[in-house]
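Shown next: entry.cif, containing mmCIF, C-alpha atoms.
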data_data
#
loop_
_atom_site.label_atom_id
_atom_site.label_comp_id
_atom_site.auth_asym_id
_atom_site.auth_seq_id
_atom_site.Cartn_x
_atom_site.Cartn_y
_atom_site.Cartn_z
CA MET A 188 52.57 95.12 135.23
CA LYS A 189 55.04 96.64 137.62
CA LEU A 190 58.34 97.09 135.76
CA TYR A 191 60.71 98.44 138.40
CA ARG A 192 60.29 96.17 141.37
CA PRO A 193 63.11 96.46 143.95
CA ALA A 194 64.37 92.96 143.08
CA THR A 195 64.73 93.89 139.37
CA VAL A 196 66.69 97.01 140.26
CA MET A 197 68.94 94.99 142.57
CA VAL A 198 69.74 92.50 139.79
CA GLY A 199 70.69 95.42 137.51
CA VAL A 200 72.97 96.94 140.11
CA LEU A 201 74.56 93.54 140.69
CA PHE A 202 75.43 93.19 137.00
CA VAL A 203 77.01 96.63 136.95
CA LEU A 204 79.16 95.73 139.96
CA LEU A 205 80.14 92.39 138.37
CA GLY A 206 81.24 94.23 135.24
CA GLY A 207 83.49 96.45 137.32
CA LEU A 208 84.97 93.42 139.06
CA THR A 209 85.90 91.71 135.78
CA ARG A 210 87.61 94.90 134.64
CA LEU A 211 89.72 94.86 137.79
CA ALA A 212 90.71 91.30 137.05
CA THR A 213 91.92 91.80 133.45
CA PRO A 214 95.55 90.78 132.82
CA GLU A 215 96.33 94.45 132.22
CA GLN A 216 96.97 94.68 135.93
CA VAL A 217 99.45 91.82 135.76
CA PHE A 218 101.32 92.38 132.49
CA GLU A 219 102.27 95.61 130.73
CA GLU A 220 100.26 94.49 127.73
CA GLN A 221 97.29 92.19 127.98
CA ASN A 222 98.62 89.44 125.76
CA MET A 223 102.40 89.88 125.98
CA VAL A 224 105.04 88.84 128.48
CA ALA A 225 108.50 90.35 128.22
CA VAL A 226 111.63 88.20 128.48
CA ARG A 227 114.45 90.60 129.34
CA GLY A 228 118.17 89.96 129.09
CA THR A 229 121.56 91.27 128.02
CA ILE A 230 124.13 90.51 125.32
CA GLY A 231 125.34 86.92 125.57
CA GLU A 232 122.30 85.70 127.44
CA SER A 233 120.25 82.99 125.79
CA LEU A 234 116.59 84.02 125.95
CA LYS A 235 113.45 81.96 125.41
CA TYR A 236 111.38 82.94 122.40
CA GLY A 237 108.08 81.42 121.31
CA GLY A 238 107.98 78.21 123.33
CA ASP A 239 111.19 76.18 123.38
CA SER A 240 113.36 78.17 120.96
CA THR A 241 116.08 80.51 122.15
CA VAL A 242 117.75 83.60 120.78
CA THR A 243 121.10 85.05 121.85
CA VAL A 244 122.65 88.36 120.88
CA THR A 245 126.32 87.54 120.55
CA ARG A 246 127.83 90.86 119.50
CA MET A 247 127.03 94.44 118.62
CA LYS A 248 129.15 96.32 116.05
CA PHE A 249 129.10 99.98 114.99
CA ALA A 250 130.11 100.92 111.44
CA LYS A 251 130.04 103.82 109.00
CA GLY A 252 129.29 101.61 106.01
CA VAL A 253 127.79 98.19 105.35
CA LEU A 254 128.29 95.61 102.64
CA ASP A 255 126.75 92.26 101.72
CA ASP A 256 129.06 89.28 101.80
CA SER A 257 127.20 87.63 98.93
CA GLY A 258 127.30 90.71 96.68
CA ASN A 259 129.57 91.43 93.75
CA ASP A 260 133.24 92.17 94.27
CA ASP A 261 132.85 95.69 92.93
CA ASP A 262 129.94 96.62 95.21
CA LYS A 263 130.58 99.80 97.16
CA PRO A 264 129.62 99.86 100.84
CA ILE A 265 126.38 101.72 101.62
CA GLU A 266 127.25 104.91 103.50
CA THR A 267 125.21 106.77 106.12
CA ASN A 268 124.84 110.19 107.72
CA GLY A 269 124.25 108.43 111.02
CA VAL A 270 125.78 105.19 112.15
CA TYR A 271 125.06 101.54 111.41
CA VAL A 272 124.43 99.19 114.30
CA ALA A 273 124.95 95.53 113.42
CA ILE A 274 123.51 92.99 115.83
CA GLU A 275 124.98 89.49 115.52
CA TRP A 276 122.64 86.80 116.75
CA ASP A 277 122.46 83.09 117.35
CA THR A 278 119.12 81.28 117.31
CA VAL A 279 118.34 77.69 118.31
CA ARG A 280 115.01 76.25 117.28
CA GLY A 281 113.06 73.91 119.49
CA ILE A 282 110.29 71.56 118.48
CA GLN A 283 107.59 74.21 118.48
CA LYS A 284 107.75 76.54 115.48
CA PRO A 285 108.24 80.12 116.63
CA SER A 286 106.43 82.86 114.75
CA ASN A 287 108.29 85.31 112.53
CA VAL A 288 110.50 87.81 114.28
CA GLY A 289 110.02 91.55 113.95
CA ALA A 290 113.23 93.20 115.15
CA LYS A 291 113.60 96.84 116.11
CA LEU A 292 115.86 98.99 118.26
CA ILE A 293 114.39 101.37 120.80
CA ALA A 294 116.40 104.19 122.37
CA ASP A 295 115.68 106.15 125.53
CA GLY A 296 114.93 109.25 123.44
CA GLY A 297 111.97 107.40 121.96
CA THR A 298 113.39 106.81 118.50
CA VAL A 299 112.53 103.44 116.96
CA TYR A 300 115.00 102.05 114.42
CA GLU A 301 113.91 99.47 111.86
CA PRO A 302 116.30 97.17 109.96
CA ILE A 303 117.65 98.74 106.77
CA GLY A 304 116.65 97.57 103.34
CA GLY A 305 119.09 96.81 100.55
CA LEU A 306 121.02 94.01 102.27
CA THR A 307 120.01 90.49 101.39
CA ASP A 308 121.84 88.85 104.30
CA SER A 309 120.51 91.16 107.02
CA GLY A 310 117.67 89.76 109.11
CA ILE A 311 116.81 87.45 111.96
CA ASP A 312 114.99 84.12 111.74
CA PHE A 313 114.96 80.56 113.00
CA PRO A 314 116.28 77.41 111.25
CA GLU A 315 114.56 74.00 111.16
CA ALA A 316 113.90 72.18 114.41
CA GLY A 317 117.07 70.86 116.01
CA PHE A 318 119.32 73.32 114.20
CA ALA A 319 120.98 76.54 115.19
CA LYS A 320 121.63 79.59 113.02
CA THR A 321 124.01 82.53 113.20
CA GLY A 322 123.59 85.80 111.35
CA ALA A 323 123.36 89.54 111.66
CA VAL A 324 120.73 92.23 111.34
CA VAL A 325 121.71 95.82 110.53
CA PHE A 326 120.02 99.03 111.66
CA GLU A 327 120.73 102.62 110.70
CA ALA A 328 120.66 104.83 113.77
CA ASN A 329 120.90 108.44 114.85
CA PRO A 330 124.18 108.89 116.80
CA THR A 331 122.57 111.46 119.11
CA ASP A 332 119.90 109.04 120.33
CA LEU A 333 121.62 105.80 121.31
CA LYS A 334 121.44 105.91 125.11
CA GLY A 335 119.60 102.95 126.59
CA LEU A 336 119.44 101.14 123.25
CA THR A 337 117.43 97.92 123.50
CA LEU A 338 116.71 95.30 120.88
CA GLN A 339 113.10 94.20 120.80
CA LEU A 340 112.06 90.98 119.07
CA ARG A 341 108.31 90.75 118.65
CA PRO A 342 106.38 87.84 117.21
CA SER A 343 103.77 88.42 114.52
CA MET A 344 100.92 86.86 116.36
CA PHE A 345 97.35 86.06 117.09
CA TYR A 346 95.91 88.36 119.70
CA ASN A 347 93.98 85.70 121.57
CA VAL A 348 97.12 83.86 122.71
CA LEU A 349 99.49 84.89 125.45
CA ASN A 350 102.77 85.65 123.65
CA THR A 351 106.27 86.44 124.77
CA TYR A 352 108.57 89.05 123.33
CA VAL A 353 112.28 89.44 123.89
CA GLU A 354 113.99 92.62 125.02
CA VAL A 355 117.78 92.72 124.99
CA ASP A 356 119.61 95.52 126.79
CA LEU A 357 122.54 96.41 124.52
CA GLY A 358 124.54 98.02 127.31
CA ILE A 359 124.68 101.72 126.43
CA PRO A 360 123.96 103.33 129.82
CA SER A 361 125.06 106.88 128.97
CA GLU A 362 125.74 109.37 126.18
CA GLU A 363 129.50 109.01 126.75
CA VAL A 364 129.44 105.28 126.09
CA ALA A 365 127.34 105.90 122.98
CA GLN A 366 129.81 108.54 121.77
CA GLN A 367 132.75 106.16 122.34
CA LEU A 368 131.00 103.45 120.33
CA VAL A 369 130.23 105.90 117.50
CA ASP A 370 133.82 107.20 117.49
CA GLY A 371 135.13 103.65 117.38
CA ALA A 372 132.87 102.67 114.49
CA GLU A 373 134.59 100.65 111.78
CA ALA A 374 134.80 101.99 108.24
CA GLN A 375 132.67 99.15 106.99
CA TYR A 376 130.87 96.10 108.28
CA VAL A 377 130.45 93.05 106.06
CA VAL A 378 127.20 91.18 106.68
CA GLN A 379 128.09 87.50 106.49
CA ASN A 380 125.79 84.88 105.03
CA PRO A 381 123.74 83.29 107.81
CA VAL A 382 125.20 79.90 108.83
CA VAL A 383 123.08 76.93 109.92
CA ARG A 384 124.55 74.14 112.04
CA VAL A 385 123.26 71.25 114.18
CA ALA A 386 122.24 72.51 117.60
CA SER A 387 124.43 71.10 120.38
CA SER A 388 122.44 70.75 123.52
CA MET B 32 31.34 88.13 109.75
CA GLU B 33 32.35 90.41 106.89
CA SER B 34 30.08 93.38 106.65
CA LEU B 35 28.83 94.91 103.43
CA ASP B 36 30.86 98.07 104.14
CA ASP B 37 34.10 96.06 104.16
CA VAL B 38 33.21 94.45 100.87
CA ILE B 39 32.44 97.81 99.28
CA ASP B 40 35.66 99.28 100.65
CA ALA B 41 37.64 96.44 99.14
CA MET B 42 35.97 96.91 95.78
CA ILE B 43 36.69 100.63 95.77
CA ALA B 44 40.34 100.02 96.73
CA ASP B 45 40.65 97.52 93.91
CA ARG B 46 39.29 100.05 91.42
CA VAL B 47 41.59 102.80 92.68
CA ILE B 48 44.69 100.64 92.38
CA HIS B 49 43.72 99.60 88.88
CA ARG B 50 42.89 103.10 87.82
CA HIS B 51 46.32 104.45 88.86
CA ARG B 52 48.50 101.47 87.96
CA ARG B 53 49.67 102.89 84.67
CA LYS B 54 50.67 106.19 86.33
CA TRP B 55 52.71 104.29 88.95
CA LEU B 56 54.46 102.27 86.30
CA ILE B 57 55.28 105.43 84.36
CA ALA B 58 56.60 107.14 87.53
CA ILE B 59 58.90 104.19 88.36
CA ALA B 60 60.14 104.03 84.77
CA LEU B 61 60.89 107.76 84.90
CA VAL B 62 62.99 107.32 88.07
CA VAL B 63 64.96 104.50 86.45
CA VAL B 64 65.55 106.54 83.29
CA LEU B 65 66.63 109.55 85.38
CA ALA B 66 69.15 107.39 87.28
CA LEU B 67 70.56 106.07 84.01
CA VAL B 68 70.84 109.57 82.58
CA ILE B 69 72.68 110.84 85.68
CA LEU B 70 75.04 107.86 85.56
CA ALA B 71 75.74 108.39 81.88
CA THR B 72 76.47 112.10 82.32
CA GLY B 73 79.16 111.52 84.93
CA GLY B 74 77.46 111.02 88.26
CA TRP B 75 75.77 113.16 90.83
CA LYS B 76 78.97 114.46 92.43
CA GLU B 77 79.86 118.01 91.63
CA ARG B 78 83.26 118.36 89.94
CA VAL B 79 85.43 120.74 91.89
CA GLY B 80 88.79 121.97 90.71
CA ARG B 81 92.07 121.41 92.45
CA THR B 82 91.83 122.27 96.14
CA VAL B 83 95.52 121.94 97.09
CA PRO B 84 98.22 124.50 96.33
CA THR B 85 100.20 124.19 93.10
CA ILE B 86 103.85 125.16 93.47
CA SER B 87 106.83 125.04 91.14
CA ALA B 88 110.11 123.31 91.84
CA PRO B 89 112.48 123.79 93.58
CA ALA B 90 110.05 123.54 96.46
CA THR B 91 109.91 122.18 99.98
CA VAL B 92 106.75 120.31 100.93
CA GLU B 93 105.90 118.91 104.34
CA SER B 94 103.28 116.22 104.05
CA GLY B 95 102.41 113.63 106.66
CA LYS B 96 105.58 112.18 108.11
CA TRP B 97 107.80 113.21 105.19
CA GLU B 98 109.53 116.42 104.21
CA TYR B 99 110.36 116.63 100.50
CA ASN B 100 112.61 119.10 98.78
CA PHE B 101 111.94 118.66 95.08
CA THR B 102 114.87 119.58 92.86
CA LYS B 103 114.56 118.34 89.27
CA ALA B 104 112.83 115.96 86.93
CA GLU B 105 114.10 113.91 84.00
CA ILE B 106 112.45 111.98 81.21
CA ARG B 107 114.86 109.13 80.72
CA VAL B 108 114.58 107.68 77.26
CA THR B 109 116.06 104.37 76.19
CA PRO B 110 116.15 104.38 72.37
CA LYS B 111 114.92 101.44 70.36
CA SER B 112 117.63 98.95 69.67
CA GLU B 113 117.82 95.75 67.69
CA TYR B 114 116.45 93.61 70.49
CA ARG B 115 114.25 95.92 72.53
CA GLU B 116 111.50 98.47 72.15
CA ALA B 117 112.02 102.12 72.98
CA GLU B 118 111.24 102.92 76.63
CA ALA B 119 110.81 106.02 78.74
CA GLU B 120 110.45 106.75 82.41
CA LEU B 121 109.86 109.91 84.39
CA ARG B 122 112.33 110.32 87.21
CA VAL B 123 111.87 112.96 89.93
CA TYR B 124 114.72 113.93 92.24
CA PHE B 125 114.17 115.19 95.78
CA ASP B 126 115.72 115.30 99.23
CA LEU B 127 113.68 113.26 101.66
CA LYS B 128 113.57 113.60 105.42
CA ASN B 129 111.69 111.57 108.00
CA ILE B 130 109.82 114.05 110.26
CA ASP B 131 107.61 111.49 112.00
CA GLY B 132 107.31 113.32 115.33
CA GLU B 133 104.51 111.02 116.44
CA GLU B 134 106.11 107.60 116.29
CA LEU B 135 109.81 108.57 115.79
CA THR B 136 110.12 105.41 113.72
CA SER B 137 112.28 104.57 110.71
CA ASP B 138 110.29 103.88 107.57
CA SER B 139 110.56 103.76 103.80
CA LEU B 140 108.47 105.96 101.51
CA GLN B 141 105.38 104.28 100.11
CA GLY B 142 105.01 104.49 96.35
CA LYS B 143 101.43 105.72 96.47
CA LEU B 144 102.38 108.90 98.35
CA LEU B 145 103.85 110.45 95.19
CA VAL B 146 101.72 110.40 92.04
CA PHE B 147 102.29 111.67 88.53
CA VAL B 148 99.27 113.72 87.41
CA PRO B 149 99.08 113.40 83.61
CA GLY B 150 96.13 115.82 83.40
CA GLY B 151 93.26 115.67 80.96
CA GLY B 152 91.23 113.38 83.18
CA GLN B 153 93.69 110.52 82.97
CA ASP B 154 94.36 108.28 85.97
CA TYR B 155 97.22 109.13 88.30
CA VAL B 156 100.40 107.08 88.04
CA ASP B 157 101.84 105.81 91.33
CA SER B 158 105.58 106.12 91.93
CA ASN B 159 107.75 103.15 92.75
CA GLY B 160 108.93 104.49 96.12
CA ALA B 161 112.09 106.35 97.07
CA ASN B 162 115.45 105.20 95.80
CA CYS B 163 118.17 106.55 98.10
CA ARG B 164 121.83 105.54 98.42
CA GLY B 165 121.33 103.30 95.42
CA GLU B 166 118.70 101.17 97.12
CA LEU B 167 115.00 101.15 96.29
CA ASN B 168 112.71 101.53 99.33
CA TRP B 169 115.54 102.75 101.51
CA VAL B 170 114.54 102.96 105.19
CA LEU B 171 114.91 106.55 106.44
CA VAL B 172 115.69 107.15 110.09
CA TYR B 173 113.89 109.81 112.13
CA GLY B 174 116.32 112.50 113.27
CA LEU B 175 118.94 112.09 110.54
CA PRO B 176 119.51 114.81 107.88
CA PRO B 177 117.72 114.48 104.52
CA GLU B 178 118.86 111.90 101.98
CA SER B 179 118.89 112.67 98.28
CA CYS B 180 116.52 110.27 96.59
CA PHE B 181 114.65 109.82 93.36
CA THR B 182 111.47 108.08 92.34
CA THR B 183 110.35 106.69 89.01
CA PHE B 184 107.01 106.81 87.20
CA LYS B 185 106.13 104.58 84.28
CA VAL B 186 105.23 106.58 81.18
CA GLU B 187 104.65 105.83 77.51
CA ALA B 188 107.74 105.46 75.34
CA ASP B 189 106.86 108.58 73.32
CA PHE B 190 106.03 110.69 76.38
CA ARG B 191 107.43 114.22 76.15
CA SER B 192 106.35 117.19 78.20
CA ASP B 193 107.49 120.71 79.06
CA LEU B 194 105.84 120.70 82.45
CA VAL B 195 104.98 117.69 84.60
CA GLU B 196 102.86 117.77 87.72
CA ILE B 197 103.65 115.58 90.70
CA GLY B 198 100.98 115.15 93.37
CA VAL B 199 102.11 114.80 96.97
CA GLN B 200 99.82 112.78 99.21
CA GLY B 201 100.22 112.98 102.97
CA GLU B 202 99.06 110.44 105.51
CA ARG B 203 97.34 111.60 108.69
CA TYR B 204 98.06 110.34 112.18
CA GLU B 205 94.56 109.17 113.03
CA SER B 206 92.83 106.39 114.90
CA ASP B 207 90.06 104.15 113.68
CA SER B 208 86.68 104.35 115.33
CA GLY B 209 86.45 101.87 118.18
CA VAL B 210 82.71 101.34 117.79
CA LEU B 211 83.15 98.07 115.94
CA GLY B 212 85.92 96.89 118.24
CA ALA B 213 88.94 98.23 116.34
CA ASP B 214 92.02 99.34 118.23
CA GLU B 215 91.73 103.06 118.94
CA ASP B 216 95.47 103.79 118.93
CA PRO B 217 96.26 106.26 116.14
CA TYR B 218 98.60 105.40 113.28
CA TRP B 219 99.63 106.89 109.93
CA GLN B 220 96.82 106.29 107.46
CA ASN B 221 94.24 107.94 105.15
CA GLU B 222 96.56 109.67 102.72
CA ARG B 223 95.07 112.66 100.94
CA PRO B 224 96.49 115.26 98.57
CA ASP B 225 98.61 117.99 100.14
CA ALA B 226 100.27 119.76 97.22
CA VAL B 227 101.02 119.59 93.52
CA VAL B 228 104.56 120.35 92.39
CA GLN B 229 105.24 121.50 88.84
CA MET B 230 108.60 120.65 87.32
CA LYS B 231 110.26 121.20 83.95
CA PRO B 232 111.71 117.84 82.97
CA ALA B 233 114.90 117.50 80.96
CA VAL B 234 114.99 114.75 78.36
CA VAL B 235 117.94 112.46 78.98
CA GLU B 236 118.93 109.67 76.67
CA VAL B 237 120.20 106.66 78.58
CA THR B 238 121.93 103.56 77.35
CA GLU B 239 121.50 100.05 78.70
CA ASP B 240 124.48 100.48 81.04
CA ASP B 241 123.09 103.52 82.85
CA LYS B 242 119.94 101.80 84.00
#

Represent the supplied structure as structure tokens.
Amino acid sequence: MKLYRPATVMVGVLFVLLGGLTRLATPEQVFEEQNMVAVRGTIGESLKYGGDSTVTVTRMKFAKGVLDDSGNDDDKPIETNGVYVAIEWDTVRGIQKPSNVGAKLIADGGTVYEPIGGLTDSGIDFPEAGFAKTGAVVFEANPTDLKGLTLQLRPSMFYNVLNTYVEVDLGIPSEEVAQQLVDGAEAQYVVQNPVVRVASS
Amino acid sequence: MESLDDVIDAMIADRVIHRHRRKWLIAIALVVVLALVILATGGWKERVGRTVPTISAPATVESGKWEYNFTKAEIRVTPKSEYREAEAELRVYFDLKNIDGEELTSDSLQGKLLVFVPGGGQDYVDSNGANCRGELNWVLVYGLPPESCFTTFKVEADFRSDLVEIGVQGERYESDSGVLGADEDPYWQNERPDAVVQMKPAVVEVTEDDK
């Protein structure tokens, strides 16, 4: 039996070429990550997250110490060698349940800041459908790497679905602005209990 | 049609198998017994001694994405009172710095990265993570100066020792093999021993209020 007839070889070559074509067509060429689309915005902008829910960063505060609102009266504020960045947020939940939010801050220098532990009221999440929620999430940050600080909200997700993540530019274009914010940091920031209200549409 | 030769061959084979069956059974039994003996005497693996350096406190250890500066150790004893049993815990103090030059990411210390080595073939005791600024599992930021922290190991209520050994395990920034379809991006994983720190613990008696 003749194994390598020209037609057989041609079919092989065709498959190799087809494989190359499908690689060209992967979503990698369209999106930065294959299964993620970024929704970018600034402070005060209401941004879509996970279907029909929205998230808005209402305010950013710098502080040298943080304190829980629901703690004891004699609790001392938690101090830092760096600076605390408190992000106040407002979320509105739509009908579709958004997945859990993983929040982190990313600076131009490449440092990634995670929310601090030890505060029960710090965090970001969504209320029940039709409600809106206000709260704050606190990060400890290095004062020398704050330029270009962005807040990234990523869903914990299944990889076979196209997901969106939110990126909020916190408006620190230069070292000088960062230094001003650090210099103007309050002595302490009190993390309020999150408040849920009926969403007004 | 079966020939006479085939029949004779089959008969001979039958005889041979029968003749040697007992030897085979004995050989298999010997292998099983040998396996049991090896298992009972502690396994095939050769016991090697400690392969990481042993240093005494105060000492600075860089291990994985953490830099430790061990200072002191305490055995904190809560005496028996009317309503509770006596308790003891081993507390180790150190300055902790995040030196994660790969991911530059804030993180808290995992409890399994520090172990108390009781010696004498006993199992290691995992720590409960770093307690800094009065908060357990404090998140340390890359690029900030070290924080003074402590960690706690559970020990028996009558535990006393002149010299305790703390094992430091460091994670490696490695990727999984992509052969089975795993993501090939590296991350901190596969902790293995990097150093053992010897400390002289002080015995401290604590009351209920100090805890």

(message) Which polymer residues, whether protein, DNA or RNA, lie within 8 Å of the coordinate (106.9, 121.5, 82.1) when you count all atoms listed in the file? List them as a ChimeraX atom specification, using the chain letters and numbers from the file.
(response) /B:192-196,229-232

Would you write out those residues with C-alpha atoms, as a compact mmCIF listing (two decimals), keeping the file's coordinate frame?
# COMPACT_ATOMS: atom_id res chain seq x y z
CA SER B 192 106.35 117.19 78.20
CA ASP B 193 107.49 120.71 79.06
CA LEU B 194 105.84 120.70 82.45
CA VAL B 195 104.98 117.69 84.60
CA GLU B 196 102.86 117.77 87.72
CA GLN B 229 105.24 121.50 88.84
CA MET B 230 108.60 120.65 87.32
CA LYS B 231 110.26 121.20 83.95
CA PRO B 232 111.71 117.84 82.97

(message) So, with all atoms listed in the file as the atoms that count, which of B:Asp189, B:Asp216, B:Glu105, B:Asp138 lies closest to Val172 of chain B?
(response)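 The answer is B:Asp138, which sits nearest to Val172 of chain B.
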
(message) To one decimal place in Å, what is the distance between atom CA of Trp219 of chain B and atom CA of Lys143 of chain B?
(response)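 For atom CA of Trp219 of chain B relative to atom CA of Lys143 of chain B, the distance reads 13.6 Å.
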
For chain B versus chain A, which residues have an atom no more than 6 Å away, and what is each residue's nearest atom pair and distance in Å rounded to one decimal, using all atoms listed in the file, chain-then-number order, as CSV?
residue,atom,partner,partner_atom,distance
B:Leu135,CA,A:Thr298,CA,4.8
B:Thr136,CA,A:Val299,CA,4.5
B:Ser137,CA,A:Tyr300,CA,5.2
B:Glu166,CA,A:Gly305,CA,5.6
B:Trp169,CA,A:Gly304,CA,5.6
B:Val170,CA,A:Ile303,CA,5.5
B:Leu175,CA,A:Asn329,CA,6.0

Write out as a short mmCIF file (atom, residue, chain, number, x, y, z; two decimals) with C-alpha atoms, in the frame of the given file which residues come within 12 Å of Ser179 of chain B when counting all atoms listed in the file, dropping same-chain ones fewer than 3 positions away.
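Just written: result_26.cif:
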data_model
loop_
_atom_site.label_atom_id
_atom_site.label_comp_id
_atom_site.auth_asym_id
_atom_site.auth_seq_id
_atom_site.Cartn_x
_atom_site.Cartn_y
_atom_site.Cartn_z
CA THR A 267 125.21 106.77 106.12
CA ASN A 268 124.84 110.19 107.72
CA GLU B 98 109.53 116.42 104.21
CA TYR B 99 110.36 116.63 100.50
CA ASN B 100 112.61 119.10 98.78
CA PHE B 101 111.94 118.66 95.08
CA THR B 102 114.87 119.58 92.86
CA LYS B 103 114.56 118.34 89.27
CA VAL B 123 111.87 112.96 89.93
CA TYR B 124 114.72 113.93 92.24
CA PHE B 125 114.17 115.19 95.78
CA ASP B 126 115.72 115.30 99.23
CA LEU B 127 113.68 113.26 101.66
CA LYS B 128 113.57 113.60 105.42
CA ALA B 161 112.09 106.35 97.07
CA ASN B 162 115.45 105.20 95.80
CA CYS B 163 118.17 106.55 98.10
CA ARG B 164 121.83 105.54 98.42
CA GLY B 165 121.33 103.30 95.42
CA GLU B 166 118.70 101.17 97.12
CA TRP B 169 115.54 102.75 101.51
CA LEU B 171 114.91 106.55 106.44
CA PRO B 176 119.51 114.81 107.88
CA THR B 182 111.47 108.08 92.34
#

(request) Measuring atom to atom with all atoms listed in the file, identify which of A:Gly322, A:Gly228, A:Gly258, A:Pro193 is nearest to Glu354 of chain A. (result) A:Gly228

(message) One decimal, in Å: what's the spacing between atom CA of Ala41 of chain B and atom CA of Ala60 of chain B?
(response) 27.8 Å

(request) Could you check how far atom CA of Asn259 of chain A sits from atom CA of Leu167 of chain B, in Å to one decimal? (result)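 About the pair atom CA of Asn259 of chain A and atom CA of Leu167 of chain B: they are 17.7 Å apart.
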
(request) Output the residue selection produced by the PyMOL selection byres ((chain A and resi 271-287) around 9) on the file above, formatted as number ranges by chain. (result) A: 233, 236-253, 266-267, 269-270, 288-289, 309, 311-329, 338, 341-344, 372, 376, 378, 386

Since we have the selection now, will you write its residues out, keeping C-alpha atoms, as a short mmCIF file (atom, residue, chain, number, x, y, z; two decimals), in the frame of the given file?
data_model
loop_
_atom_site.label_atom_id
_atom_site.label_comp_id
_atom_site.auth_asym_id
_atom_site.auth_seq_id
_atom_site.Cartn_x
_atom_site.Cartn_y
_atom_site.Cartn_z
CA SER A 233 120.25 82.99 125.79
CA TYR A 236 111.38 82.94 122.40
CA GLY A 237 108.08 81.42 121.31
CA GLY A 238 107.98 78.21 123.33
CA ASP A 239 111.19 76.18 123.38
CA SER A 240 113.36 78.17 120.96
CA THR A 241 116.08 80.51 122.15
CA VAL A 242 117.75 83.60 120.78
CA THR A 243 121.10 85.05 121.85
CA VAL A 244 122.65 88.36 120.88
CA THR A 245 126.32 87.54 120.55
CA ARG A 246 127.83 90.86 119.50
CA MET A 247 127.03 94.44 118.62
CA LYS A 248 129.15 96.32 116.05
CA PHE A 249 129.10 99.98 114.99
CA ALA A 250 130.11 100.92 111.44
CA LYS A 251 130.04 103.82 109.00
CA GLY A 252 129.29 101.61 106.01
CA VAL A 253 127.79 98.19 105.35
CA GLU A 266 127.25 104.91 103.50
CA THR A 267 125.21 106.77 106.12
CA GLY A 269 124.25 108.43 111.02
CA VAL A 270 125.78 105.19 112.15
CA VAL A 288 110.50 87.81 114.28
CA GLY A 289 110.02 91.55 113.95
CA SER A 309 120.51 91.16 107.02
CA ILE A 311 116.81 87.45 111.96
CA ASP A 312 114.99 84.12 111.74
CA PHE A 313 114.96 80.56 113.00
CA PRO A 314 116.28 77.41 111.25
CA GLU A 315 114.56 74.00 111.16
CA ALA A 316 113.90 72.18 114.41
CA GLY A 317 117.07 70.86 116.01
CA PHE A 318 119.32 73.32 114.20
CA ALA A 319 120.98 76.54 115.19
CA LYS A 320 121.63 79.59 113.02
CA THR A 321 124.01 82.53 113.20
CA GLY A 322 123.59 85.80 111.35
CA ALA A 323 123.36 89.54 111.66
CA VAL A 324 120.73 92.23 111.34
CA VAL A 325 121.71 95.82 110.53
CA PHE A 326 120.02 99.03 111.66
CA GLU A 327 120.73 102.62 110.70
CA ALA A 328 120.66 104.83 113.77
CA ASN A 329 120.90 108.44 114.85
CA LEU A 338 116.71 95.30 120.88
CA ARG A 341 108.31 90.75 118.65
CA PRO A 342 106.38 87.84 117.21
CA SER A 343 103.77 88.42 114.52
CA MET A 344 100.92 86.86 116.36
CA ALA A 372 132.87 102.67 114.49
CA TYR A 376 130.87 96.10 108.28
CA VAL A 378 127.20 91.18 106.68
CA ALA A 386 122.24 72.51 117.60
#

Box in all listed atoms of segment 193-198 of chain B, axis-aligned, with 6 Å more on each side; write out centre and edge lengths in Å to one decimal as JSON.
{"center_x": 104.2, "center_y": 117.9, "center_z": 86.2, "size_x": 18.5, "size_y": 17.6, "size_z": 26.3}

(request) Pull out every residue that the PyMOL selection byres ((chain B and resi 67-83) around 10) matches in the shown coordinates and put them as a ChimeraX atom specification. (result) /B:61-66,84-86,198-199,224-227

(request) Name the residues captured by the PyMOL selection byres ((chain B and resi 110) around 10) when it is applied to the shown file; answer as a ChimeraX atom specification. (result) /B:107-109,111-113,115-119,188,236-239

(request) Name the residues in contact with Tyr204 of chain B at a cut-off of 8 Å, using all atoms listed in the file, excluding same-chain residues fewer than 2 positions from it; report them as a list in words. (result)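 Counting only the stated atoms, we get Gly95, Glu133, Glu202, Ser206, Pro217, Tyr218, Trp219 and Gln220 of chain B.
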
For Arg122 of chain B, please output as a short mmCIF file (atom, residue, chain, number, x, y, z; two decimals) with C-alpha atoms, keeping the file's coordinate frame all residues within 7 Å (counting all atoms listed in the file; exclusion window: fewer than 5 positions along the same chain).
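Everything below was put into selection.cif:
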data_model
loop_
_atom_site.label_atom_id
_atom_site.label_comp_id
_atom_site.auth_asym_id
_atom_site.auth_seq_id
_atom_site.Cartn_x
_atom_site.Cartn_y
_atom_site.Cartn_z
CA ALA B 104 112.83 115.96 86.93
CA GLU B 105 114.10 113.91 84.00
CA ILE B 106 112.45 111.98 81.21
CA PHE B 181 114.65 109.82 93.36
CA THR B 182 111.47 108.08 92.34
CA THR B 183 110.35 106.69 89.01
CA PHE B 184 107.01 106.81 87.20
#

(request) Would you please work out which residue, of A:Met197, A:Leu333, A:Leu340, A:Val383, is nearest to Val369 of chain A when using all atoms listed in the file? (result) A:Leu333
